[in-house]
Each structure stands twice: as C-alpha cells, then as structure tokens.
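K.L.:
So that you have it, the file is my_file-v3.cif, and it contains mmCIF, C-alpha atoms:
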```cif
data_coords
#
loop_
_atom_site.label_atom_id
_atom_site.label_comp_id
_atom_site.auth_asym_id
_atom_site.auth_seq_id
_atom_site.Cartn_x
_atom_site.Cartn_y
_atom_site.Cartn_z
CA MET A 72 -26.67 -13.32 -2.26
CA ARG A 73 -23.66 -12.20 -4.19
CA ALA A 74 -21.83 -15.36 -3.17
CA ALA A 75 -24.76 -17.57 -4.12
CA LEU A 76 -24.88 -16.09 -7.61
CA PHE A 77 -21.20 -16.69 -7.96
CA VAL A 78 -21.49 -20.34 -6.97
CA LEU A 79 -24.07 -20.84 -9.69
CA SER A 80 -21.96 -19.14 -12.33
CA LEU A 81 -18.80 -20.99 -11.29
CA GLY A 82 -20.49 -24.34 -11.65
CA ALA A 83 -20.48 -23.96 -15.40
CA ALA A 84 -16.82 -23.17 -15.80
CA SER A 85 -14.70 -25.09 -13.35
CA ALA A 86 -13.32 -27.89 -15.42
CA ALA A 87 -9.55 -27.48 -15.52
CA LEU A 88 -7.26 -26.57 -12.63
CA ALA A 89 -4.51 -25.18 -14.79
CA GLU A 90 -1.68 -22.82 -13.97
CA ILE A 91 -1.66 -19.53 -15.85
CA PRO A 92 0.77 -19.67 -18.80
CA ALA A 93 3.60 -17.12 -18.52
CA ASP A 94 2.44 -15.07 -21.52
CA GLN A 95 -1.02 -14.64 -20.00
CA ARG A 96 0.11 -13.38 -16.64
CA LYS A 97 -1.26 -9.97 -15.72
CA SER A 98 -0.58 -7.70 -12.82
CA GLY A 99 -3.51 -6.79 -10.58
CA ALA A 100 -3.13 -3.23 -11.91
CA ASP A 101 -4.25 -4.44 -15.36
CA PHE A 102 -7.68 -5.26 -13.94
CA MET A 103 -8.22 -1.76 -12.52
CA SER A 104 -9.89 1.26 -14.06
CA ALA A 105 -7.64 3.62 -16.00
CA GLN A 106 -8.06 6.23 -13.25
CA THR A 107 -6.91 3.91 -10.46
CA ARG A 108 -3.98 2.77 -12.60
CA ALA A 109 -2.99 6.37 -13.26
CA MET A 110 -3.16 7.04 -9.52
CA GLN A 111 -0.75 4.15 -8.87
CA ASN A 112 1.65 5.15 -11.62
CA ASP A 113 2.16 8.75 -10.53
CA ASP A 114 4.06 9.17 -7.27
CA ALA A 115 2.46 12.58 -6.80
CA THR A 116 -1.04 11.07 -6.67
CA ASN A 117 -0.35 7.61 -5.27
CA PRO A 118 -1.58 7.85 -1.64
CA ALA A 119 0.73 4.97 -0.66
CA MET A 120 3.63 7.40 -1.14
CA LEU A 121 2.59 9.09 2.12
CA SER A 122 3.36 5.84 3.89
CA VAL A 123 6.62 5.49 1.95
CA LEU A 124 7.59 8.97 3.11
CA ASP A 125 6.84 7.92 6.68
CA GLY A 126 8.98 4.81 6.16
CA GLU A 127 11.83 6.93 4.86
CA SER A 128 11.95 8.99 8.04
CA ARG A 129 11.61 5.89 10.23
CA TRP A 130 14.59 4.38 8.38
CA SER A 131 16.89 6.97 9.95
CA ALA A 132 15.09 7.36 13.30
CA LYS A 133 17.03 5.98 16.26
CA ALA A 134 15.09 3.48 18.38
CA GLY A 135 15.46 0.81 21.02
CA ALA A 136 17.97 0.03 23.75
CA GLY A 137 20.97 0.73 21.55
CA ALA A 138 19.48 3.92 20.06
CA LYS A 139 20.28 2.64 16.56
CA SER A 140 18.48 3.44 13.34
CA CYS A 141 18.07 1.09 10.40
CA ALA A 142 20.42 3.42 8.51
CA ASP A 143 23.13 3.10 11.19
CA CYS A 144 23.55 -0.56 10.27
CA HIS A 145 22.31 -0.69 6.67
CA GLY A 146 23.34 2.70 5.24
CA PRO A 147 21.19 4.19 2.50
CA ALA A 148 18.20 1.97 1.68
CA GLU A 149 18.57 2.83 -2.03
CA THR A 150 21.64 0.58 -2.16
CA SER A 151 21.36 -1.86 0.76
CA MET A 152 17.68 -2.71 0.21
CA LYS A 153 17.72 -2.78 -3.58
CA GLY A 154 16.20 -6.06 -4.78
CA VAL A 155 15.55 -7.36 -1.24
CA ALA A 156 11.73 -7.33 -1.43
CA ALA A 157 11.85 -9.13 -4.80
CA ARG A 158 13.42 -12.21 -3.16
CA TYR A 159 11.32 -12.45 -0.01
CA PRO A 160 10.04 -14.57 1.77
CA ALA A 161 13.51 -15.99 2.48
CA PHE A 162 14.79 -18.70 4.78
CA ASP A 163 15.40 -17.60 8.35
CA ALA A 164 18.06 -19.82 9.93
CA GLU A 165 17.11 -18.79 13.45
CA SER A 166 13.52 -20.02 13.31
CA GLY A 167 14.23 -22.73 10.72
CA ARG A 168 11.34 -21.37 8.64
CA PRO A 169 10.71 -18.89 5.87
CA ILE A 170 10.15 -15.32 6.95
CA ASP A 171 8.45 -12.59 4.92
CA LEU A 172 9.71 -9.04 4.48
CA ALA A 173 7.60 -7.53 7.26
CA GLY A 174 8.68 -10.39 9.54
CA ARG A 175 12.35 -9.77 8.70
CA ILE A 176 12.00 -6.05 9.38
CA ASN A 177 10.32 -6.77 12.68
CA SER A 178 13.05 -9.22 13.65
CA CYS A 179 15.56 -6.39 13.12
CA VAL A 180 13.40 -4.08 15.25
CA GLU A 181 13.21 -6.65 18.03
CA THR A 182 16.66 -8.23 18.09
CA ARG A 183 18.98 -5.66 16.49
CA GLN A 184 17.37 -2.42 17.66
CA GLN A 185 16.13 -4.10 20.84
CA ALA A 186 12.90 -2.14 20.52
CA GLN A 187 9.25 -3.15 20.93
CA PRO A 188 8.25 -5.18 17.84
CA LEU A 189 5.77 -3.37 15.61
CA LYS A 190 2.21 -4.72 15.50
CA PRO A 191 1.01 -6.41 12.31
CA GLU A 192 -0.71 -3.82 10.05
CA SER A 193 0.52 -0.95 12.23
CA PRO A 194 1.31 2.20 10.24
CA GLY A 195 4.99 1.93 11.23
CA LEU A 196 5.47 -1.63 9.99
CA LEU A 197 3.55 -0.96 6.75
CA ALA A 198 5.57 2.21 6.18
CA LEU A 199 8.95 0.50 6.66
CA THR A 200 7.87 -2.45 4.50
CA ALA A 201 6.61 -0.15 1.73
CA TYR A 202 9.80 1.94 1.87
CA VAL A 203 12.06 -1.12 1.71
CA ALA A 204 9.94 -2.69 -1.07
CA LEU A 205 10.00 0.54 -3.11
CA GLN A 206 13.75 -0.02 -3.52
CA SER A 207 12.89 -3.05 -5.69
CA ARG A 208 10.34 -1.29 -7.90
CA GLY A 209 10.74 -2.36 -11.53
CA MET A 210 12.96 -5.33 -10.65
CA PRO A 211 11.73 -8.83 -11.49
CA VAL A 212 10.26 -10.99 -8.72
CA ALA A 213 13.15 -13.35 -7.96
CA PRO A 214 12.25 -16.13 -5.53
CA PRO A 215 15.40 -17.69 -4.06
CA SER A 216 16.25 -21.22 -5.19
CA ASP A 217 17.26 -22.08 -1.59
CA GLU A 218 16.60 -25.83 -1.10
CA ARG A 219 15.44 -25.24 2.46
CA LEU A 220 12.39 -23.35 1.15
CA ALA A 221 11.15 -26.14 -1.12
CA SER A 222 8.93 -27.99 1.36
CA PHE A 223 7.35 -24.74 2.61
CA ARG A 224 6.65 -23.58 -0.94
CA ALA A 225 5.06 -26.97 -1.69
CA ARG A 226 2.90 -26.54 1.41
CA GLY A 227 1.88 -23.10 0.11
CA GLU A 228 0.84 -24.63 -3.19
CA GLU A 229 -1.18 -27.27 -1.34
CA LEU A 230 -3.02 -24.53 0.54
CA TRP A 231 -3.59 -22.73 -2.76
CA ARG A 232 -5.43 -25.75 -4.13
CA GLN A 233 -7.25 -26.73 -0.94
CA ARG A 234 -10.94 -25.89 -0.70
CA PHE A 235 -11.94 -24.02 2.41
CA GLY A 236 -14.73 -22.04 4.05
CA GLN A 237 -18.47 -22.51 4.05
CA LEU A 238 -18.48 -21.75 0.33
CA ASN A 239 -15.89 -24.47 -0.19
CA PHE A 240 -13.63 -22.74 -2.73
CA SER A 241 -9.91 -22.92 -3.28
CA CYS A 242 -7.73 -19.95 -4.17
CA ALA A 243 -6.94 -21.68 -7.47
CA GLN A 244 -10.60 -21.96 -8.45
CA CYS A 245 -10.95 -18.21 -8.40
CA HIS A 246 -7.50 -17.02 -9.39
CA ASP A 247 -6.28 -19.71 -11.85
CA ASP A 248 -9.57 -20.81 -13.37
CA ASN A 249 -11.75 -17.72 -13.26
CA TRP A 250 -9.46 -14.70 -13.41
CA GLY A 251 -10.85 -11.97 -15.61
CA ARG A 252 -14.44 -12.86 -14.71
CA LYS A 253 -16.44 -10.88 -12.21
CA LEU A 254 -17.37 -11.54 -8.61
CA GLY A 255 -20.19 -9.08 -7.96
CA SER A 256 -18.76 -5.92 -9.44
CA ALA A 257 -15.09 -6.80 -8.77
CA PRO A 258 -13.00 -8.42 -11.50
CA ILE A 259 -11.12 -11.47 -10.21
CA PRO A 260 -7.40 -10.75 -10.63
CA GLN A 261 -4.66 -13.38 -10.91
CA ALA A 262 -3.52 -12.82 -7.30
CA HIS A 263 0.03 -11.65 -7.87
CA PRO A 264 1.82 -10.30 -4.80
CA ASN A 265 4.15 -7.88 -6.61
CA ALA A 266 2.56 -4.57 -5.52
CA TYR A 267 2.33 -5.09 -1.76
CA PRO A 268 1.94 -3.39 0.65
CA ILE A 269 -0.82 -1.50 -1.13
CA TYR A 270 -3.08 1.47 -0.58
CA ARG A 271 -6.62 0.21 -1.00
CA LEU A 272 -9.24 2.87 -1.68
CA ASP A 273 -11.87 0.69 -0.02
CA TRP A 274 -9.77 0.54 3.18
CA GLN A 275 -8.85 4.22 2.87
CA GLY A 276 -5.46 3.09 3.99
CA MET A 277 -2.49 0.79 3.63
CA GLY A 278 -2.55 -2.96 4.04
CA SER A 279 -0.22 -5.93 3.71
CA LEU A 280 -0.51 -8.98 1.49
CA GLN A 281 -1.70 -10.92 4.55
CA ARG A 282 -4.55 -8.47 5.04
CA ARG A 283 -5.56 -9.10 1.42
CA LEU A 284 -5.39 -12.87 1.96
CA ARG A 285 -7.48 -12.58 5.12
CA ASN A 286 -10.10 -10.72 3.05
CA CYS A 287 -10.17 -13.53 0.48
CA MET A 288 -10.53 -16.12 3.24
CA SER A 289 -13.43 -14.34 4.92
CA GLY A 290 -14.94 -13.86 1.45
CA VAL A 291 -15.53 -17.59 1.27
CA ARG A 292 -16.60 -17.63 4.93
CA ALA A 293 -13.52 -19.36 6.22
CA ASN A 294 -11.80 -18.58 9.51
CA ALA A 295 -8.84 -16.53 8.34
CA TYR A 296 -5.42 -17.46 9.77
CA PRO A 297 -4.11 -14.89 12.22
CA TYR A 298 -1.50 -12.35 11.07
CA GLY A 299 1.95 -13.89 10.97
CA ALA A 300 0.62 -17.47 10.71
CA PRO A 301 3.10 -19.87 9.06
CA GLU A 302 0.38 -20.79 6.54
CA PHE A 303 0.39 -17.21 5.26
CA VAL A 304 4.15 -17.14 4.81
CA ASP A 305 3.97 -20.47 2.93
CA LEU A 306 1.25 -19.04 0.69
CA GLU A 307 3.33 -15.90 0.11
CA LEU A 308 6.27 -18.11 -0.92
CA TYR A 309 4.13 -19.90 -3.46
CA LEU A 310 2.59 -16.65 -4.77
CA MET A 311 6.06 -15.14 -5.33
CA GLN A 312 7.14 -18.30 -7.20
CA ARG A 313 4.00 -18.07 -9.32
CA ALA A 314 4.83 -14.42 -10.13
CA ALA A 315 8.55 -15.02 -10.77
CA GLY A 316 9.89 -12.55 -13.33
CA MET A 317 7.03 -10.06 -13.09
CA PRO A 318 8.18 -6.54 -12.22
CA MET A 319 7.76 -5.33 -8.64
CA GLU A 320 5.21 -2.49 -8.46
CA THR A 321 5.19 -1.59 -4.77
CA PRO A 322 3.52 0.58 -3.63
CA GLY A 323 0.35 -0.45 -5.46
CA VAL A 324 -3.10 1.11 -5.36
CA ARG A 325 -6.20 -1.11 -5.42
CA PRO A 326 -9.89 -0.18 -5.67
CA MET B 133 2.70 15.98 13.75
CA ALA B 134 -0.16 18.50 13.84
CA GLY B 135 -3.47 16.95 14.96
CA SER B 136 -4.20 13.96 12.73
CA MET B 137 -2.16 15.48 9.92
CA GLY B 138 0.98 13.54 9.21
CA ARG B 139 2.69 14.22 5.97
CA ALA B 140 2.16 16.09 2.77
CA LEU B 141 3.31 15.33 -0.74
CA ILE B 142 3.64 18.50 -2.78
CA ASN B 143 4.40 18.40 -6.45
CA PHE B 144 4.97 21.12 -9.09
CA PRO B 145 7.61 21.79 -11.75
CA PRO B 146 10.62 23.17 -9.85
CA LYS B 147 11.31 25.73 -12.59
CA ALA B 148 9.05 27.49 -15.07
CA ARG B 149 9.21 30.34 -17.59
CA LYS B 150 7.43 33.60 -16.92
CA GLY B 151 3.84 33.30 -18.13
CA ASP B 152 3.71 29.48 -17.90
CA VAL B 153 0.66 28.01 -16.24
CA ILE B 154 1.87 25.41 -13.77
CA GLU B 155 -0.08 22.71 -12.00
CA ILE B 156 0.39 22.29 -8.25
CA ARG B 157 -0.68 19.03 -6.65
CA THR B 158 -0.88 18.22 -2.97
CA LEU B 159 -1.69 15.06 -1.07
CA LEU B 160 -2.09 15.21 2.71
CA SER B 161 -2.28 12.26 5.07
CA HIS B 162 -5.39 12.67 7.19
CA PRO B 163 -8.10 10.17 8.29
CA MET B 164 -10.98 12.56 7.35
CA GLU B 165 -13.19 11.01 10.03
CA THR B 166 -16.72 11.85 8.91
CA GLY B 167 -18.46 12.08 12.30
CA PHE B 168 -21.09 9.61 11.11
CA ARG B 169 -19.20 6.42 11.87
CA PRO B 170 -19.80 4.43 15.08
CA ASP B 171 -16.86 2.81 16.89
CA SER B 172 -17.00 -0.83 18.03
CA TYR B 173 -19.13 0.18 21.05
CA GLY B 174 -21.67 1.97 18.88
CA ARG B 175 -20.58 5.47 19.95
CA LEU B 176 -20.10 8.01 17.18
CA ILE B 177 -16.48 8.81 16.45
CA PRO B 178 -16.20 12.61 16.58
CA ARG B 179 -15.77 14.34 13.25
CA ASP B 180 -12.17 15.19 12.44
CA ILE B 181 -11.67 16.41 8.92
CA VAL B 182 -9.46 18.95 7.24
CA ASN B 183 -11.91 21.83 6.88
CA ARG B 184 -9.71 24.44 5.19
CA PHE B 185 -6.88 24.45 2.70
CA GLU B 186 -4.96 27.48 1.47
CA CYS B 187 -2.03 28.05 -0.82
CA LEU B 188 -0.21 31.41 -0.87
CA PHE B 189 2.52 32.68 -3.17
CA ASN B 190 4.68 35.48 -1.76
CA GLY B 191 1.82 36.11 0.67
CA GLU B 192 -0.87 36.36 -2.03
CA PRO B 193 -3.63 33.72 -2.12
CA VAL B 194 -3.32 31.33 -5.08
CA PHE B 195 -6.01 28.86 -4.11
CA ALA B 196 -8.19 28.21 -1.07
CA CYS B 197 -11.15 26.01 -0.30
CA ASP B 198 -13.39 24.77 2.51
CA LEU B 199 -13.79 21.02 2.85
CA PHE B 200 -16.71 19.04 4.22
CA SER B 201 -17.58 15.46 5.26
CA ALA B 202 -17.66 12.80 2.53
CA ILE B 203 -14.20 13.56 1.22
CA SER B 204 -12.06 10.44 1.36
CA ALA B 205 -9.06 10.01 3.64
CA ASN B 206 -5.80 11.62 2.51
CA PRO B 207 -7.31 14.44 0.45
CA PHE B 208 -5.73 15.25 -2.89
CA MET B 209 -5.87 18.76 -4.35
CA ALA B 210 -4.74 20.03 -7.75
CA PHE B 211 -4.87 23.61 -9.00
CA THR B 212 -2.97 25.93 -11.31
CA MET B 213 -1.00 29.16 -11.02
CA THR B 214 0.53 31.47 -13.56
CA ALA B 215 4.28 31.83 -13.07
CA THR B 216 5.16 35.52 -12.67
CA GLN B 217 8.29 35.61 -10.50
CA SER B 218 10.38 33.45 -8.19
CA GLY B 219 9.24 33.19 -4.62
CA GLU B 220 7.85 31.07 -1.85
CA LEU B 221 4.76 28.88 -1.89
CA VAL B 222 3.06 28.31 1.45
CA PHE B 223 0.59 25.47 1.91
CA ARG B 224 -1.70 25.46 4.93
CA TRP B 225 -4.22 22.88 6.11
CA LYS B 226 -6.49 23.28 9.14
CA ASP B 227 -8.48 20.45 10.74
CA ASP B 228 -11.39 20.13 13.21
CA THR B 229 -9.02 19.79 16.18
CA GLY B 230 -7.80 23.30 15.37
CA ALA B 231 -4.40 21.97 14.34
CA VAL B 232 -2.68 23.73 11.47
CA MET B 233 -0.04 22.21 9.27
CA GLU B 234 2.14 24.42 7.11
CA GLU B 235 4.66 23.53 4.43
CA LYS B 236 6.87 25.93 2.43
CA ARG B 237 8.49 25.42 -0.96
CA ARG B 238 10.69 27.58 -3.23
CA PHE B 239 9.47 28.20 -6.74
CA GLU B 240 11.83 29.48 -9.45
CA VAL B 241 10.98 31.44 -12.57
CA GLU B 242 13.77 31.46 -15.14
#
```
So that I can check it, write out the structure of this file as structure tokens.
P.N.:
Amino acid sequence: MRAALFVLSLGAASAALAEIPADQRKSGADFMSAQTRAMQNDDATNPAMLSVLDGESRWSAKAGAGAKSCADCHGPAETSMKGVAARYPAFDAESGRPIDLAGRINSCVETRQQAQPLKPESPGLLALTAYVALQSRGMPVAPPSDERLASFRARGEELWRQRFGQLNFSCAQCHDDNWGRKLGSAPIPQAHPNAYPIYRLDWQGMGSLQRRLRNCMSGVRANAYPYGAPEFVDLELYLMQRAAGMPMETPGVRP
Amino acid sequence: MAGSMGRALINFPPKARKGDVIEIRTLLSHPMETGFRPDSYGRLIPRDIVNRFECLFNGEPVFACDLFSAISANPFMAFTMTATQSGELVFRWKDDTGAVMEEKRRFEVE
C-alpha cells in the first residue's frame, strides 16, 4: 500500500538522474528529528557507544592460536587506526578485490590472530568496526585514488543506477532524485555512508552499512545480496566516493 | 557479564561545588526482552528485562525505580543529586534472571 502510493507520487517527479551538487549534500543526521540528532551527538546518550566500549575491550583481548590482541600488533587504536575508516573500502592485494573495513578486520582475526572469523552483524564484529571507525570521527571521507579500485567503483555506480526488485527502482531514483521527500513517514536521505556502523532505534541495536543496504533492497522487493557479497563492497566504494569530503560521524544513530 | 547485562555508560561532572545540583546519566546495554515476542518457531521468548535500578551515594539512596515491559533495549536513565560531600556512587541494576550488575564511581566535591 505504502509502496503503491510512492510509485504514484514518484511518477510525477522522476525526470532528471542528476548527482547531488556538493553544496547540497546533507548527512543522514540532518533528516532526523532534533531529539535523535541530540542522542547521536552526545556520547553519554548515544547507545552505539555501548558497542564502542565493547570494541575497546576487544581491541586488547588476546585471541586465536597465537594469543595475540589487536593492540599487540597495532598499539593504541587512537593513533594506528586514525583515519583508516575514512579511506575504506581499500584494495586488498591478496584477494585482488576491494575489501571493506569489517572485511579487513575479519581478515586480521582470521589470518593474523588465527581465530574463528566473526560472523557478519555479530556484536563482536560491529563493536570492533565501530571502535576502529570512531578513531576517524570528524575526519573527511577520503576515498583512495588507487587505480586498482576504479573498475570496482564504476561497477558500484552501475549498480546504483540499475533498477531492481518487483517495484523496479534504482538507488539513484530515491536517493539522488527524491531525497528530502517522504516514503511513508520516513524522509528519504541522501544515502551517505559516513556514520556506519549505526545504532538504529527501529532495530534496537547496531547494524552495518550492508544491513542498511539489504533493508533498501527488500524495500523494493528485490532479493538482497548476501552479507559480504562483492556487489555490496562495490556499492560501498561508490557511496564513499559520492560522500568524499564529508565528515565521518561514526557511530551514528538512526530512527 | 551479569545475565544479559553487558556494559554501562555512566556520566556526571567529575567535580562539583558544594550545593550544586548535578545530573547523573546512565545507559545500560540490555535486550529488554518484553516476553510478548515469539521466536521463529512461534514460541514466546521469555521476558528478560531490567526490573530494578538503584543509585546510592555513600550508602544513601539517591534514586531508584522499578521498570516494566515496553521500555526499549539499552535503557537510559537521568536524574539529579545535590552535591554535599565527596564520596562513592554505586549503581545497581537487577534483571529478570536475578543477575545484578554493580558499578562504582568516585565523586568529588571541591
């Protein structure tokens, strides 16, 4: 019902497929109520900080065959992880593909700690990702200019513009052409990835950018890619490029 | 970890002057399972909520409350206290499993 109404209202306003000009870019937080924004901006009320705290203690917890902690190799996260989240996804020579931050962390868990890899969306992986990403808070999103990423980023942009699902919408139709309008009661944001992982009040918990993207895909009745799918990493690459220069806000809160 | 309780964020001004009214804010990680939600097999997930919160200062109650279903996960609590002397704040949460989590913090009056 909700979707049907939306289709009707979109019909009127879907002429141009234009990118958002830099001076009109807005963080997802700008579309939230003042209360939710205040909750995000105060570390004493931001529920995602509980996960960050968990990540902080995991950072120095020894694990795996070599009984090594992240801190044993990387030292204090405040220095070694500063700015890292702002430039991910990055190229991973081993797989010959881009890898996102959670993927990179998990590759350290698996190959360097020689421990069981953490499951996608598990509290441990979200906590470590949020803790590492917090070290970039306030820094501008800085996608690497690495040539090897170019074709994957282009693929991400293709996916962004491709229509999918039974409702036959592209990401761009909602987020480039109709941001600021409403879908049911939810304002359509511009889809910037600079606050992830987030605490979503609706989930009553933490979630990754991929969880958010899966929600958008099922919203248009498409089969969502599985967690860790290369398509998601390509989309993440394009989203970070699209948000280049915007300040990192992790850990965000969303309604 | 005590029951489903994981971590607590506790926030108040570390120092205050005698007579100041200070705000104390706490955020506890807890699923606050309502008891009304079915699992994927249709069986009700047993209720597991924080049902009691207390804050003591030098052993004297500052704030206490009972909690019920329909409070969201990770309950947030804010209350005030008049600064009289330096001492120790104790925070205590109890949940349906009977688990108790306790945190202690120093509070300084200048």
K.L.:
Would you give me, as a list in words, the residues of chain B that come within 10 Å of chain A, using only C-alpha atoms?
P.N.:
Gly138, Arg139, Ala140, Leu141, Ile142, Asn143, Phe144, Arg157, Thr158, Leu159, Leu160, Ser161, Pro163, Met164, Ser204, Ala205, Asn206, Pro207, Phe208, Met209 and Ala210 of chain B
K.L.:
Any chance you can output those residues with C-alpha atoms as a tab-separated table (two decimals), in the frame of the given file?
P.N.:
```
chain	number	residue	atom	x	y	z
B	138	GLY	CA	0.98	13.54	9.21
B	139	ARG	CA	2.69	14.22	5.97
B	140	ALA	CA	2.16	16.09	2.77
B	141	LEU	CA	3.31	15.33	-0.74
B	142	ILE	CA	3.64	18.50	-2.78
B	143	ASN	CA	4.40	18.40	-6.45
B	144	PHE	CA	4.97	21.12	-9.09
B	157	ARG	CA	-0.68	19.03	-6.65
B	158	THR	CA	-0.88	18.22	-2.97
B	159	LEU	CA	-1.69	15.06	-1.07
B	160	LEU	CA	-2.09	15.21	2.71
B	161	SER	CA	-2.28	12.26	5.07
B	163	PRO	CA	-8.10	10.17	8.29
B	164	MET	CA	-10.98	12.56	7.35
B	204	SER	CA	-12.06	10.44	1.36
B	205	ALA	CA	-9.06	10.01	3.64
B	206	ASN	CA	-5.80	11.62	2.51
B	207	PRO	CA	-7.31	14.44	0.45
B	208	PHE	CA	-5.73	15.25	-2.89
B	209	MET	CA	-5.87	18.76	-4.35
B	210	ALA	CA	-4.74	20.03	-7.75
```
K.L.:
Determine the residue membership of the PyMOL selection byres ((chain A and resi 288-290) around 10) for the file above and supply it as a ChimeraX atom specification.
P.N.:
/A:74,235-238,240-242,282-287,291-296
K.L.:
So how far away is atom CA of Glu229 of chain A from atom CA of Ala300 of chain A, in Å?
P.N.:
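So the two atoms, atom CA of Ala300 of chain A and atom CA of Glu229 of chain A, lie 15.6 Å apart.
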K.L.:
Do you know which residues are at most 7 Å from segment 98-112 of chain A counting all atoms listed in the file, after dropping those on the same chain fewer than 4 positions away, and could you put them as number ranges by chain?
P.N.:
A: 116-117, 258, 260-263, 323-324, 326
K.L.:
Have a look at atom CA of Gly251 of chain A and atom CA of Asn265 of chain A and let me know their distance in Å, one decimal.
P.N.:
18.0 Å
K.L.:
So how far away is atom CA of Ala157 of chain A from atom CA of Met317 of chain A, in Å?
P.N.:
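Rounded to one decimal, the two atoms are 9.6 Å apart.
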K.L.:
Quick one: residues within 12 Å of segment 217-224 of chain B, only C-alpha atoms, excluding same-chain residues fewer than 6 positions away - as a CSV table (one decimal) with C-alpha atoms, in the coordinates of the input?
P.N.:
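The result, written out as part31.csv:
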```csv
chain,number,residue,atom,x,y,z
B,134,ALA,CA,-0.2,18.5,13.8
B,137,MET,CA,-2.2,15.5,9.9
B,140,ALA,CA,2.2,16.1,2.8
B,141,LEU,CA,3.3,15.3,-0.7
B,142,ILE,CA,3.6,18.5,-2.8
B,143,ASN,CA,4.4,18.4,-6.4
B,144,PHE,CA,5.0,21.1,-9.1
B,146,PRO,CA,10.6,23.2,-9.8
B,147,LYS,CA,11.3,25.7,-12.6
B,148,ALA,CA,9.0,27.5,-15.1
B,149,ARG,CA,9.2,30.3,-17.6
B,150,LYS,CA,7.4,33.6,-16.9
B,151,GLY,CA,3.8,33.3,-18.1
B,152,ASP,CA,3.7,29.5,-17.9
B,156,ILE,CA,0.4,22.3,-8.2
B,157,ARG,CA,-0.7,19.0,-6.6
B,158,THR,CA,-0.9,18.2,-3.0
B,159,LEU,CA,-1.7,15.1,-1.1
B,160,LEU,CA,-2.1,15.2,2.7
B,182,VAL,CA,-9.5,19.0,7.2
B,183,ASN,CA,-11.9,21.8,6.9
B,184,ARG,CA,-9.7,24.4,5.2
B,185,PHE,CA,-6.9,24.4,2.7
B,186,GLU,CA,-5.0,27.5,1.5
B,187,CYS,CA,-2.0,28.0,-0.8
B,188,LEU,CA,-0.2,31.4,-0.9
B,189,PHE,CA,2.5,32.7,-3.2
B,190,ASN,CA,4.7,35.5,-1.8
B,191,GLY,CA,1.8,36.1,0.7
B,192,GLU,CA,-0.9,36.4,-2.0
B,193,PRO,CA,-3.6,33.7,-2.1
B,194,VAL,CA,-3.3,31.3,-5.1
B,195,PHE,CA,-6.0,28.9,-4.1
B,196,ALA,CA,-8.2,28.2,-1.1
B,197,CYS,CA,-11.2,26.0,-0.3
B,198,ASP,CA,-13.4,24.8,2.5
B,209,MET,CA,-5.9,18.8,-4.4
B,231,ALA,CA,-4.4,22.0,14.3
B,232,VAL,CA,-2.7,23.7,11.5
B,233,MET,CA,0.0,22.2,9.3
B,234,GLU,CA,2.1,24.4,7.1
B,235,GLU,CA,4.7,23.5,4.4
B,236,LYS,CA,6.9,25.9,2.4
B,237,ARG,CA,8.5,25.4,-1.0
B,238,ARG,CA,10.7,27.6,-3.2
B,239,PHE,CA,9.5,28.2,-6.7
B,240,GLU,CA,11.8,29.5,-9.4
B,241,VAL,CA,11.0,31.4,-12.6
B,242,GLU,CA,13.8,31.5,-15.1
```
K.L.:
Taking the file as shown, find all residues satisfying the PyMOL selection byres ((chain A and resi 159) around 9) and write them as a compact mmCIF listing (two decimals) with C-alpha atoms, in the coordinates of the input.
P.N.:
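Okay, this is what ended up in part19.txt:
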```
# COMPACT_ATOMS: atom_id res chain seq x y z
CA VAL A 155 15.55 -7.36 -1.24
CA ALA A 156 11.73 -7.33 -1.43
CA ALA A 157 11.85 -9.13 -4.80
CA ARG A 158 13.42 -12.21 -3.16
CA PRO A 160 10.04 -14.57 1.77
CA ALA A 161 13.51 -15.99 2.48
CA PHE A 162 14.79 -18.70 4.78
CA PRO A 169 10.71 -18.89 5.87
CA ILE A 170 10.15 -15.32 6.95
CA ASP A 171 8.45 -12.59 4.92
CA LEU A 172 9.71 -9.04 4.48
CA VAL A 212 10.26 -10.99 -8.72
CA ALA A 213 13.15 -13.35 -7.96
CA PRO A 214 12.25 -16.13 -5.53
CA PRO A 215 15.40 -17.69 -4.06
CA GLU A 307 3.33 -15.90 0.11
CA LEU A 308 6.27 -18.11 -0.92
CA MET A 311 6.06 -15.14 -5.33
```
K.L.:
Using only C-alpha atoms, which protein or nucleic acid residues come within 9 Å of segment 91-95 of chain A? Drop anything in the same chain fewer than 2 positions from it, and give the result as a PDB file with C-alpha atoms, in the coordinates of the input.
P.N.:
```
ATOM      1  CA  ALA A  89      -4.510 -25.180 -14.790  1.00  0.00           C
ATOM      2  CA  LYS A  97      -1.260  -9.970 -15.720  1.00  0.00           C
ATOM      3  CA  ASP A 247      -6.280 -19.710 -11.850  1.00  0.00           C
ATOM      4  CA  ASP A 248      -9.570 -20.810 -13.370  1.00  0.00           C
ATOM      5  CA  GLN A 261      -4.660 -13.380 -10.910  1.00  0.00           C
ATOM      6  CA  ARG A 313       4.000 -18.070  -9.320  1.00  0.00           C
ATOM      7  CA  ALA A 314       4.830 -14.420 -10.130  1.00  0.00           C
TER       8      ALA A 314
END
```
K.L.:
Env of Gly167 of chain B: 8 Å cut, atoms = all atoms listed in the file, seq-sep filter 2 positions within chain, self excluded. Answer as a PyMOL selection string.
P.N.:
chain B and resi 165+169+176-180+201
K.L.:
Could you pull the residues within 10 Å of Glu302 of chain A, counting all atoms listed in the file, minus those fewer than 3 positions along the same chain, as a list in words?
P.N.:
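What passes the distance filter is Phe223, Arg226, Gly227, Leu230, Tyr296, Pro297, Tyr298, Gly299, Asp305, Leu306, Glu307 and Leu308 of chain A.
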K.L.:
Would you kindly translate the PyMOL selection byres ((chain A and resi 129) around 10) into the concrete residues it picks from this file, as a list in words?
P.N.:
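Here the PyMOL selection byres ((chain A and resi 129) around 10) matches Val123, Leu124, Asp125, Gly126, Glu127, Ser128, Trp130, Ser131, Ala132, Lys133, Ala134, Ser140, Cys141, Ala142, Gly195, Leu196, Ala198, Leu199 and Tyr202 of chain A.
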